[in-house]
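So this block is query11.cif, mmCIF, C-alpha atoms and all ligand atoms:
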data_target
#
loop_
_atom_site.label_atom_id
_atom_site.label_comp_id
_atom_site.auth_asym_id
_atom_site.auth_seq_id
_atom_site.Cartn_x
_atom_site.Cartn_y
_atom_site.Cartn_z
CA MET N 1 10.46 -18.25 -14.30
CA SER N 2 8.63 -15.31 -15.81
CA ARG N 3 7.77 -13.04 -12.92
CA SER N 4 8.10 -9.42 -13.87
CA ALA N 5 9.83 -7.21 -11.32
CA LEU N 6 7.76 -4.81 -9.23
CA ILE N 7 9.17 -1.80 -7.40
CA VAL N 8 6.72 -0.04 -5.07
CA GLY N 9 7.33 3.30 -3.35
CA ASN N 10 5.59 3.53 0.04
CA TRP N 11 5.43 7.23 0.84
CA LYS N 12 3.95 6.65 4.30
CA MET N 13 2.73 9.90 5.90
CA TYR N 14 4.78 12.21 3.72
CA LYS N 15 3.97 14.64 0.89
CA THR N 16 1.31 17.25 0.38
CA VAL N 17 -0.64 17.16 -2.87
CA ALA N 18 1.73 19.65 -4.50
CA GLU N 19 4.84 17.79 -3.32
CA GLY N 20 3.34 14.47 -4.32
CA LEU N 21 2.45 15.69 -7.80
CA GLU N 22 6.00 16.90 -8.31
CA LEU N 23 7.48 13.57 -7.22
CA ALA N 24 4.96 11.49 -9.19
CA THR N 25 5.57 13.54 -12.32
CA ALA N 26 9.33 13.08 -12.09
CA ILE N 27 8.87 9.32 -11.65
CA LYS N 28 6.34 9.10 -14.48
CA ASN N 29 8.55 11.01 -16.89
CA ALA N 30 11.57 8.82 -16.24
CA THR N 31 9.95 5.40 -16.04
CA ALA N 32 10.03 2.99 -18.96
CA PRO N 33 8.20 -0.37 -18.91
CA THR N 34 11.42 -2.30 -19.37
CA VAL N 35 14.94 -1.79 -18.09
CA ARG N 36 17.56 -3.56 -20.19
CA GLY N 37 14.99 -5.95 -21.58
CA ARG N 38 13.46 -6.96 -18.25
CA GLU N 39 9.89 -5.95 -17.60
CA ILE N 40 9.77 -3.70 -14.54
CA ALA N 41 6.47 -2.56 -13.08
CA VAL N 42 6.54 0.53 -10.86
CA ALA N 43 3.92 1.65 -8.37
CA ILE N 44 3.75 4.52 -5.89
CA ALA N 45 1.67 4.65 -2.72
CA PRO N 46 0.98 8.26 -1.73
CA PRO N 47 -1.12 9.16 1.33
CA PHE N 48 -4.91 9.04 0.82
CA THR N 49 -5.19 12.81 0.39
CA ALA N 50 -3.00 12.79 -2.71
CA LEU N 51 -4.32 9.64 -4.41
CA TYR N 52 -6.88 11.25 -6.69
CA PRO N 53 -4.74 14.04 -8.20
CA ILE N 54 -1.75 11.76 -8.52
CA GLY N 55 -3.88 9.06 -10.13
CA LYS N 56 -5.00 11.63 -12.69
CA ARG N 57 -1.40 12.68 -13.29
CA LEU N 58 -0.34 9.06 -13.83
CA GLU N 59 -3.05 8.33 -16.40
CA GLY N 60 -1.56 6.93 -19.57
CA SER N 61 1.76 6.20 -17.88
CA THR N 62 3.24 2.87 -16.84
CA VAL N 63 3.42 3.90 -13.17
CA ALA N 64 0.60 2.35 -11.13
CA LEU N 65 -1.15 3.90 -8.16
CA ALA N 66 -1.23 2.11 -4.80
CA ALA N 67 -2.82 2.88 -1.44
CA GLN N 68 -1.27 2.19 1.94
CA ASP N 69 -4.28 0.64 3.66
CA CYS N 70 -8.06 0.25 3.46
CA PHE N 71 -11.02 -1.04 5.45
CA TRP N 72 -12.65 -4.35 4.54
CA GLU N 73 -16.31 -3.32 4.44
CA ALA N 74 -17.67 -2.05 1.13
CA GLN N 75 -19.39 0.98 2.69
CA GLY N 76 -21.17 2.02 5.84
CA ALA N 77 -20.94 3.98 9.07
CA PHE N 78 -17.19 3.58 9.60
CA THR N 79 -15.95 7.08 10.32
CA GLY N 80 -12.45 7.68 9.06
CA GLU N 81 -12.22 4.56 6.93
CA VAL N 82 -11.83 4.11 3.16
CA SER N 83 -13.03 1.05 1.21
CA ALA N 84 -11.20 -0.87 -1.49
CA ALA N 85 -13.89 0.14 -4.01
CA MET N 86 -13.20 3.80 -3.20
CA LEU N 87 -9.53 3.21 -3.87
CA ALA N 88 -10.37 1.53 -7.18
CA ASP N 89 -12.54 4.55 -7.97
CA VAL N 90 -9.55 6.93 -7.71
CA GLY N 91 -7.37 4.74 -9.90
CA CYS N 92 -5.53 2.47 -7.47
CA ARG N 93 -4.33 -0.92 -8.68
CA PHE N 94 -2.60 -2.05 -5.49
CA VAL N 95 -3.25 -1.70 -1.76
CA ILE N 96 -0.64 -2.39 0.90
CA VAL N 97 -1.99 -4.37 3.87
CA GLY N 98 -0.45 -5.56 7.11
CA HIS N 99 2.49 -3.18 7.07
CA SER N 100 4.40 -3.60 10.33
CA GLU N 101 3.75 0.05 11.23
CA ARG N 102 0.04 -0.67 11.08
CA ARG N 103 0.45 -3.92 12.98
CA GLN N 104 2.55 -2.28 15.71
CA GLN N 105 0.99 1.16 16.04
CA PHE N 106 -2.61 0.52 15.05
CA GLY N 107 -3.15 -3.02 16.28
CA GLU N 108 -3.73 -4.57 12.86
CA THR N 109 -4.11 -8.32 13.27
CA ASP N 110 -3.60 -11.16 10.82
CA ALA N 111 -7.37 -11.64 10.80
CA ALA N 112 -7.82 -8.00 9.75
CA VAL N 113 -5.14 -8.41 7.08
CA ASN N 114 -7.08 -11.39 5.72
CA LEU N 115 -10.39 -9.49 5.59
CA LYS N 116 -8.71 -6.50 3.95
CA ALA N 117 -6.86 -8.62 1.38
CA LYS N 118 -10.12 -10.36 0.40
CA ALA N 119 -11.94 -7.02 0.10
CA ILE N 120 -9.13 -5.65 -2.07
CA LEU N 121 -9.32 -8.66 -4.39
CA LYS N 122 -13.10 -8.38 -4.54
CA ALA N 123 -12.74 -4.77 -5.66
CA GLY N 124 -10.54 -5.95 -8.54
CA LEU N 125 -7.30 -4.69 -7.00
CA SER N 126 -4.15 -6.49 -5.85
CA PRO N 127 -3.20 -6.60 -2.19
CA ILE N 128 0.46 -6.23 -1.24
CA ILE N 129 0.44 -8.37 1.90
CA CYS N 130 3.30 -7.56 4.27
CA VAL N 131 4.85 -10.11 6.59
CA GLY N 132 7.98 -9.93 8.70
CA GLU N 133 9.52 -10.85 12.03
CA THR N 134 10.80 -8.54 14.75
CA GLU N 135 14.42 -8.65 15.88
CA LYS N 136 13.34 -10.35 19.10
CA GLU N 137 11.53 -13.08 17.18
CA ARG N 138 14.52 -13.60 14.90
CA ASP N 139 16.91 -13.78 17.86
CA ALA N 140 14.64 -16.28 19.60
CA GLY N 141 14.68 -18.56 16.53
CA GLU N 142 11.02 -17.79 15.81
CA MET N 143 11.40 -16.19 12.40
CA ARG N 144 10.08 -19.11 10.35
CA GLY N 145 7.11 -19.73 12.61
CA ARG N 146 6.19 -16.06 12.61
CA ILE N 147 6.30 -15.75 8.82
CA ILE N 148 4.30 -18.94 8.31
CA SER N 149 1.62 -17.93 10.80
CA GLN N 150 1.27 -14.49 9.20
CA LEU N 151 0.86 -16.16 5.82
CA ALA N 152 -1.50 -18.87 7.09
CA GLU N 153 -3.82 -16.33 8.68
CA GLY N 154 -3.35 -13.51 6.20
CA LEU N 155 -4.07 -15.75 3.21
CA PHE N 156 -6.72 -17.87 4.93
CA GLY N 157 -9.32 -19.04 2.42
CA PHE N 158 -7.31 -17.94 -0.60
CA THR N 159 -7.74 -19.80 -3.86
CA SER N 160 -4.83 -20.04 -6.27
CA GLU N 161 -6.50 -17.37 -8.41
CA MET N 162 -6.56 -15.01 -5.42
CA ALA N 163 -2.90 -15.74 -4.69
CA GLN N 164 -1.98 -15.14 -8.31
CA ARG N 165 -3.40 -11.62 -8.11
CA SER N 166 -1.66 -10.91 -4.80
CA VAL N 167 1.81 -9.68 -3.99
CA ILE N 168 3.67 -10.68 -0.81
CA ALA N 169 6.17 -8.31 0.77
CA TYR N 170 8.75 -9.65 3.20
CA GLU N 171 9.70 -6.79 5.47
CA PRO N 172 11.84 -7.73 8.47
CA VAL N 173 10.71 -5.24 11.11
CA TRP N 174 14.31 -4.69 12.24
CA ALA N 175 15.24 -3.48 8.76
CA ILE N 176 12.47 -0.90 8.27
CA GLY N 177 13.71 2.65 8.42
CA THR N 178 16.81 1.55 10.30
CA GLY N 179 19.37 1.55 7.52
CA ARG N 180 19.97 -2.10 8.44
CA VAL N 181 19.10 -4.05 5.31
CA ALA N 182 18.79 -7.83 5.44
CA THR N 183 21.71 -9.54 3.77
CA THR N 184 20.96 -10.97 0.37
CA GLU N 185 21.18 -14.47 1.93
CA GLN N 186 18.74 -13.58 4.71
CA ALA N 187 16.29 -12.13 2.20
CA GLN N 188 16.55 -15.12 -0.14
CA GLU N 189 16.10 -17.59 2.73
CA VAL N 190 12.79 -16.03 3.77
CA HIS N 191 11.58 -15.46 0.20
CA ALA N 192 12.23 -19.13 -0.56
CA LEU N 193 10.38 -20.08 2.63
CA ILE N 194 7.39 -17.98 1.55
CA ARG N 195 7.37 -19.53 -1.92
CA GLN N 196 7.64 -23.05 -0.49
CA TYR N 197 4.72 -22.33 1.80
CA LEU N 198 2.63 -20.99 -1.09
CA HIS N 199 3.56 -24.04 -3.14
CA ALA N 200 2.57 -26.43 -0.37
CA GLN N 201 -0.77 -24.68 0.11
CA LEU N 202 -1.72 -23.64 -3.40
CA GLY N 203 0.53 -25.50 -5.84
CA GLU N 204 2.12 -24.22 -9.01
CA VAL N 205 0.70 -20.72 -8.69
CA ALA N 206 3.50 -20.10 -6.17
CA GLN N 207 5.87 -19.72 -9.11
CA SER N 208 3.99 -16.71 -10.41
CA VAL N 209 3.40 -14.83 -7.14
CA ARG N 210 5.68 -11.83 -6.78
CA ILE N 211 7.51 -11.62 -3.47
CA LEU N 212 8.98 -8.19 -2.70
CA TYR N 213 11.66 -7.36 -0.16
CA GLY N 214 11.27 -4.26 2.00
CA GLY N 215 13.44 -2.68 4.67
CA SER N 216 16.13 -0.06 4.01
CA VAL N 217 16.25 -0.72 0.27
CA LYS N 218 18.61 1.83 -1.31
CA PRO N 219 20.29 2.30 -4.70
CA ASN N 220 23.44 0.61 -3.38
CA ASN N 221 21.79 -2.61 -2.17
CA ILE N 222 18.95 -3.19 -4.66
CA ALA N 223 21.01 -5.01 -7.29
CA GLY N 224 22.27 -7.62 -4.83
CA LEU N 225 18.75 -8.23 -3.55
CA MET N 226 17.26 -8.45 -7.04
CA ALA N 227 19.90 -10.99 -8.03
CA GLN N 228 18.34 -13.50 -5.62
CA PRO N 229 16.13 -16.06 -7.36
CA ASP N 230 13.07 -15.49 -5.17
CA VAL N 231 13.30 -11.70 -4.80
CA ASP N 232 10.94 -10.21 -7.39
CA GLY N 233 11.00 -6.58 -6.40
CA ALA N 234 11.05 -4.13 -3.53
CA LEU N 235 8.79 -2.15 -1.24
CA VAL N 236 10.74 1.04 -0.70
CA GLY N 237 10.04 3.54 2.07
CA GLY N 238 12.53 6.31 2.80
CA ALA N 239 14.32 6.02 -0.54
CA SER N 240 11.05 6.44 -2.46
CA LEU N 241 10.61 10.04 -1.32
CA ARG N 242 13.22 11.49 -3.68
CA ALA N 243 12.85 10.94 -7.40
CA GLU N 244 16.55 10.41 -8.17
CA GLU N 245 16.99 7.84 -5.43
CA PHE N 246 13.80 5.94 -6.30
CA LEU N 247 14.61 5.95 -10.01
CA GLN N 248 18.07 4.56 -9.30
CA ILE N 249 16.34 1.70 -7.49
CA VAL N 250 13.97 1.17 -10.43
CA ARG N 251 16.99 1.01 -12.73
CA PHE N 252 18.67 -1.52 -10.48
CA HIS N 253 20.45 -3.19 -13.36
CA GLU N 254 22.64 -0.14 -13.58
CA ALA N 255 23.23 0.12 -9.80
CA PRO N 256 26.38 -1.27 -8.19
CA ALA N 257 25.82 -4.53 -6.25
CA THR N 258 27.59 -3.78 -3.00
CA SER N 259 25.53 -5.46 -0.35
P1 LIG K 1 12.25 1.80 4.49
O1 LIG K 1 10.71 1.36 4.65
O2 LIG K 1 12.62 1.55 3.05
O3 LIG K 1 12.28 3.24 4.87
O4 LIG K 1 13.04 0.93 5.43
C1 LIG K 1 10.20 0.24 3.98
C2 LIG K 1 8.76 0.08 4.31
O5 LIG K 1 8.35 0.39 5.44
O6 LIG K 1 7.95 -0.36 3.47
#

Could you write out this file's structure as structure tokens?
Amino acid sequence: MSRSALIVGNWKMYKTVAEGLELATAIKNATAPTVRGREIAVAIAPPFTALYPIGKRLEGSTVALAAQDCFWEAQGAFTGEVSAAMLADVGCRFVIVGHSERRQQFGETDAAVNLKAKAILKAGLSPIICVGETEKERDAGEMRGRIISQLAEGLFGFTSEMAQRSVIAYEPVWAIGTGRVATTEQAQEVHALIRQYLHAQLGEVAQSVRILYGGSVKPNNIAGLMAQPDVDGALVGGASLRAEEFLQIVRFHEAPATS
């Protein structure tokens, strides 16, 4: 299994340009492409307003730029929207789609996630496609069905080449911003389910698709999560807003496994 690890910082609606440049610079200066021999890719997803200057600041570094959302049309009269090509133009390599905050607060559907993911791939970028169940769905025994339907619709029409260039993020909604991380067993169970689904649909490519965990990832729980066979990285929210904390997560091999 040769999937390189990927740690992504999702800054959400935080950071001015000046604050973002300071944080990005600290991350850039302290990030090496490998940690104890394992290849670790790092990406940060600032708000739209800070993408261009931060992209410039990251040039020549190993830290990749990511956006938090985009629209699926290439251009047109869509006031307030930003296309995947525009994000490529400012240096993005990844775009997050289907984050539960967008699903819950902005009505993003699986069909929209699918259109966005395809537009992102068409622009030469990699979508980070988020899936995850609510607490109510988990309690009602609907977790597996929910994850599978999000994948089936979100990845509708994907070829194995498209899947290869995509990243999946499992983010249980009940763990986002709550301090309530999934146990390592819960994370592994869903990551394995996602990989099995990808395998059933698209074959061997499933082995090379990176599946990230997101939801209250912190320096003290990252090592336990990363030790799971199907956890290939993390999508980090709150803990990505401070350089020291985020860098401790990136250097998870040195962090204590307490979770
Ligand atoms: P959190 O957010 O790390 O603050 O829980 C994760 C996310 O929303 O991607």

Practice item. Collect all residues with atoms no farther than 8 Å from ligand LIG 1 (chain K), counting all atoms listed in the file, and output them as a list in words. Key: Gly9, Asn10, Lys12, His99, Ser100, Glu101, Glu171, Ala175, Ile176, Gly177, Thr178, Gly179, Val181, Gly214, Gly215, Ser216, Val217, Lys218, Leu235, Val236, Gly237, Gly238, Ala239 and Ser240 of chain N

Would you export the selected residues with C-alpha atoms as a compact mmCIF listing (two decimals), keeping the file's coordinate frame, please?
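Result file is part18.txt:
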# COMPACT_ATOMS: atom_id res chain seq x y z
CA GLY N 9 7.33 3.30 -3.35
CA ASN N 10 5.59 3.53 0.04
CA LYS N 12 3.95 6.65 4.30
CA HIS N 99 2.49 -3.18 7.07
CA SER N 100 4.40 -3.60 10.33
CA GLU N 101 3.75 0.05 11.23
CA GLU N 171 9.70 -6.79 5.47
CA ALA N 175 15.24 -3.48 8.76
CA ILE N 176 12.47 -0.90 8.27
CA GLY N 177 13.71 2.65 8.42
CA THR N 178 16.81 1.55 10.30
CA GLY N 179 19.37 1.55 7.52
CA VAL N 181 19.10 -4.05 5.31
CA GLY N 214 11.27 -4.26 2.00
CA GLY N 215 13.44 -2.68 4.67
CA SER N 216 16.13 -0.06 4.01
CA VAL N 217 16.25 -0.72 0.27
CA LYS N 218 18.61 1.83 -1.31
CA LEU N 235 8.79 -2.15 -1.24
CA VAL N 236 10.74 1.04 -0.70
CA GLY N 237 10.04 3.54 2.07
CA GLY N 238 12.53 6.31 2.80
CA ALA N 239 14.32 6.02 -0.54
CA SER N 240 11.05 6.44 -2.46

Practice item. Calculate how many Å separate atom CA of N:His191 from atom CA of N:Tyr213, rounding to one decimal. Key: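 One can read the atom CA of N:His191 to atom CA of N:Tyr213 distance as 8.1 Å.
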
Exercise for review: Please measure the separation of atom CA of N:Ala169 and atom CA of N:Leu155, giving the value in Å to one decimal.
Suggested key: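 Interatomic distance here is 12.9 Å.
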
Point to revise | Among listed residues N:Ala5, N:Met143, N:Ala111, N:Val95, nearest N:Ile128 (using only C-alpha atoms) | key: N:Val95

Check your understanding: Can you tell me, as an MDAnalysis selection string, what residues are no more than 6 Å from stretch 83-90 of chain N when counting all atoms listed in the file, ignoring any on the same chain fewer than 2 positions away?
Key -> chainID N and resid 52 70:71 74 92 120 123

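Nearest to N:Leu51 of all the residues N:Gln68, N:Gln75, N:Ser208, N:Thr184 is N:Gln68, counting all atoms listed in the file.
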
Review point. Between atom CA of N:Gly20 and atom CA of N:Gly60, what is the spacing in Å?
Key: 17.7 Å

**Study point:** Top pick for closest residue to N:Glu204, considering N:Ala187, N:Ala234, N:Ala163, N:Ala117 and counting all atoms listed in the file
**Key:** N:Ala163

Exercise for review: Please determine the residues with any atom at most 10 Å from (6.2, -0.6, -15.1) (coordinates as given in the file, with all atoms listed in the file counting) and report them as a list in words.
Suggested key: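 Result, sorted by chain then residue number: Ser4, Ala5, Leu6, Ile7, Lys28, Thr31, Ala32, Pro33, Thr34, Val35, Glu39, Ile40, Ala41, Val42, Ala43, Ser61, Thr62, Val63, Ala64 and Val250 of chain N.
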
Review point. Using only C-alpha atoms, which of N:Ala24, N:Leu247, N:Val97, N:Leu125 sits nearest N:Gln150?
Key: N:Val97

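Comparing the minimum interatomic distances between N:Ala112 and each of N:Phe78, N:Asp69, N:Lys136, N:Gly55, counting all atoms listed in the file, we find that N:Asp69 sits nearest.
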
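Using only C-alpha atoms, the shortest contact distance between N:Arg144 and any of N:Gln207, N:Ser2, N:Gln105, N:Gln196 is found at N:Gln196.
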
Exercise for review: Show which residues sit within 8 Å of N:Arg57, as a PyMOL selection string. Count only C-alpha atoms, and ignore same-chain residues fewer than 3 positions away.
Suggested key: chain N and resi 21+24-25+53-54

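Contact shell of N:Ala152 at 12 Å (only C-alpha atoms; same-chain neighbours under 5 positions omitted): Asp110, Ala111, Val113, Asn114, Ile129, Val131, Gly145, Arg146, Ile147, Gly157, Phe158, Ile194, Tyr197, Leu198, Ala200, Gln201 and Leu202 of chain N.
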
Output C-alpha atoms of each residue in that selection to a file, as a compact mmCIF listing (two decimals), in the frame of the given file.
# COMPACT_ATOMS: atom_id res chain seq x y z
CA ASP N 110 -3.60 -11.16 10.82
CA ALA N 111 -7.37 -11.64 10.80
CA VAL N 113 -5.14 -8.41 7.08
CA ASN N 114 -7.08 -11.39 5.72
CA ILE N 129 0.44 -8.37 1.90
CA VAL N 131 4.85 -10.11 6.59
CA GLY N 145 7.11 -19.73 12.61
CA ARG N 146 6.19 -16.06 12.61
CA ILE N 147 6.30 -15.75 8.82
CA GLY N 157 -9.32 -19.04 2.42
CA PHE N 158 -7.31 -17.94 -0.60
CA ILE N 194 7.39 -17.98 1.55
CA TYR N 197 4.72 -22.33 1.80
CA LEU N 198 2.63 -20.99 -1.09
CA ALA N 200 2.57 -26.43 -0.37
CA GLN N 201 -0.77 -24.68 0.11
CA LEU N 202 -1.72 -23.64 -3.40

**Study point:** Contacts of N:Met13 at 10 Å (all atoms listed in the file; same-chain gap of 6+ positions) as a PyMOL selection string
**Key:** chain N and resi 46-48+68

From the structure block, carefully write stretch 235-246 of chain N out with all heavy atoms; format it as an mmCIF file, in the first residue's frame.
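Dumped to part_17.cif:
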data_model
loop_
_atom_site.group_PDB
_atom_site.id
_atom_site.type_symbol
_atom_site.label_atom_id
_atom_site.label_comp_id
_atom_site.auth_asym_id
_atom_site.auth_seq_id
_atom_site.Cartn_x
_atom_site.Cartn_y
_atom_site.Cartn_z
ATOM 1 N N LEU N 235 -8.512 15.963 7.574
ATOM 2 C CA LEU N 235 -9.030 17.283 7.223
ATOM 3 C C LEU N 235 -9.260 17.973 8.563
ATOM 4 O O LEU N 235 -10.099 17.546 9.359
ATOM 5 C CB LEU N 235 -10.325 17.140 6.417
ATOM 6 C CG LEU N 235 -11.004 18.409 5.901
ATOM 7 C CD1 LEU N 235 -10.035 19.310 5.135
ATOM 8 C CD2 LEU N 235 -12.181 18.056 5.001
ATOM 9 N N VAL N 236 -8.473 18.997 8.813
ATOM 10 C CA VAL N 236 -8.395 19.593 10.147
ATOM 11 C C VAL N 236 -9.025 20.975 10.133
ATOM 12 O O VAL N 236 -8.626 21.816 9.322
ATOM 13 C CB VAL N 236 -6.915 19.703 10.586
ATOM 14 C CG1 VAL N 236 -6.826 20.181 12.024
ATOM 15 C CG2 VAL N 236 -6.180 18.385 10.397
ATOM 16 N N GLY N 237 -9.970 21.228 11.006
ATOM 17 C CA GLY N 237 -10.598 22.545 11.075
ATOM 18 C C GLY N 237 -9.946 23.399 12.156
ATOM 19 O O GLY N 237 -8.905 24.016 11.946
ATOM 20 N N GLY N 238 -10.563 23.408 13.324
ATOM 21 C CA GLY N 238 -10.121 24.286 14.416
ATOM 22 C C GLY N 238 -8.626 24.235 14.690
ATOM 23 O O GLY N 238 -7.977 25.271 14.890
ATOM 24 N N ALA N 239 -8.063 23.036 14.670
ATOM 25 C CA ALA N 239 -6.642 22.889 15.014
ATOM 26 C C ALA N 239 -5.715 23.301 13.870
ATOM 27 O O ALA N 239 -4.499 23.243 14.015
ATOM 28 C CB ALA N 239 -6.352 21.449 15.436
ATOM 29 N N SER N 240 -6.285 23.745 12.753
ATOM 30 C CA SER N 240 -5.409 24.197 11.650
ATOM 31 C C SER N 240 -5.193 25.704 11.698
ATOM 32 O O SER N 240 -4.480 26.259 10.861
ATOM 33 C CB SER N 240 -6.004 23.806 10.295
ATOM 34 O OG SER N 240 -7.134 24.605 9.977
ATOM 35 N N LEU N 241 -5.810 26.364 12.662
ATOM 36 C CA LEU N 241 -5.748 27.831 12.707
ATOM 37 C C LEU N 241 -4.557 28.364 13.480
ATOM 38 O O LEU N 241 -4.319 29.571 13.510
ATOM 39 C CB LEU N 241 -7.053 28.383 13.314
ATOM 40 C CG LEU N 241 -8.314 28.087 12.485
ATOM 41 C CD1 LEU N 241 -9.565 28.500 13.247
ATOM 42 C CD2 LEU N 241 -8.252 28.793 11.132
ATOM 43 N N ARG N 242 -3.853 27.458 14.151
ATOM 44 C CA ARG N 242 -2.629 27.877 14.869
ATOM 45 C C ARG N 242 -1.478 27.015 14.380
ATOM 46 O O ARG N 242 -1.566 25.777 14.367
ATOM 47 C CB ARG N 242 -2.820 27.716 16.378
ATOM 48 C CG ARG N 242 -3.816 28.734 16.947
ATOM 49 C CD ARG N 242 -3.426 29.176 18.353
ATOM 50 N NE ARG N 242 -3.087 28.043 19.194
ATOM 51 C CZ ARG N 242 -3.988 27.347 19.888
ATOM 52 N NH1 ARG N 242 -5.266 27.690 19.855
ATOM 53 N NH2 ARG N 242 -3.623 26.334 20.616
ATOM 54 N N ALA N 243 -0.402 27.683 13.969
ATOM 55 C CA ALA N 243 0.701 26.973 13.325
ATOM 56 C C ALA N 243 1.226 25.826 14.179
ATOM 57 O O ALA N 243 1.384 24.709 13.678
ATOM 58 C CB ALA N 243 1.823 27.950 12.983
ATOM 59 N N GLU N 244 1.473 26.084 15.468
ATOM 60 C CA GLU N 244 2.095 25.027 16.295
ATOM 61 C C GLU N 244 1.221 23.786 16.342
ATOM 62 O O GLU N 244 1.699 22.660 16.237
ATOM 63 C CB GLU N 244 2.337 25.468 17.753
ATOM 64 C CG GLU N 244 2.733 26.900 17.968
ATOM 65 C CD GLU N 244 1.537 27.832 17.908
ATOM 66 O OE1 GLU N 244 0.713 27.794 18.825
ATOM 67 O OE2 GLU N 244 1.429 28.596 16.932
ATOM 68 N N GLU N 245 -0.100 24.029 16.514
ATOM 69 C CA GLU N 245 -1.007 22.891 16.643
ATOM 70 C C GLU N 245 -1.081 22.110 15.318
ATOM 71 O O GLU N 245 -1.011 20.878 15.300
ATOM 72 C CB GLU N 245 -2.391 23.414 17.025
ATOM 73 C CG GLU N 245 -3.105 22.521 18.002
ATOM 74 C CD GLU N 245 -4.441 23.100 18.444
ATOM 75 O OE1 GLU N 245 -4.632 24.329 18.377
ATOM 76 O OE2 GLU N 245 -5.289 22.313 18.843
ATOM 77 N N PHE N 246 -1.200 22.844 14.218
ATOM 78 C CA PHE N 246 -1.301 22.184 12.914
ATOM 79 C C PHE N 246 -0.020 21.416 12.598
ATOM 80 O O PHE N 246 -0.055 20.279 12.107
ATOM 81 C CB PHE N 246 -1.592 23.232 11.832
ATOM 82 C CG PHE N 246 -1.844 22.645 10.469
ATOM 83 C CD1 PHE N 246 -2.925 21.803 10.243
ATOM 84 C CD2 PHE N 246 -0.998 22.930 9.406
ATOM 85 C CE1 PHE N 246 -3.161 21.256 8.979
ATOM 86 C CE2 PHE N 246 -1.226 22.392 8.146
ATOM 87 C CZ PHE N 246 -2.309 21.548 7.934
#
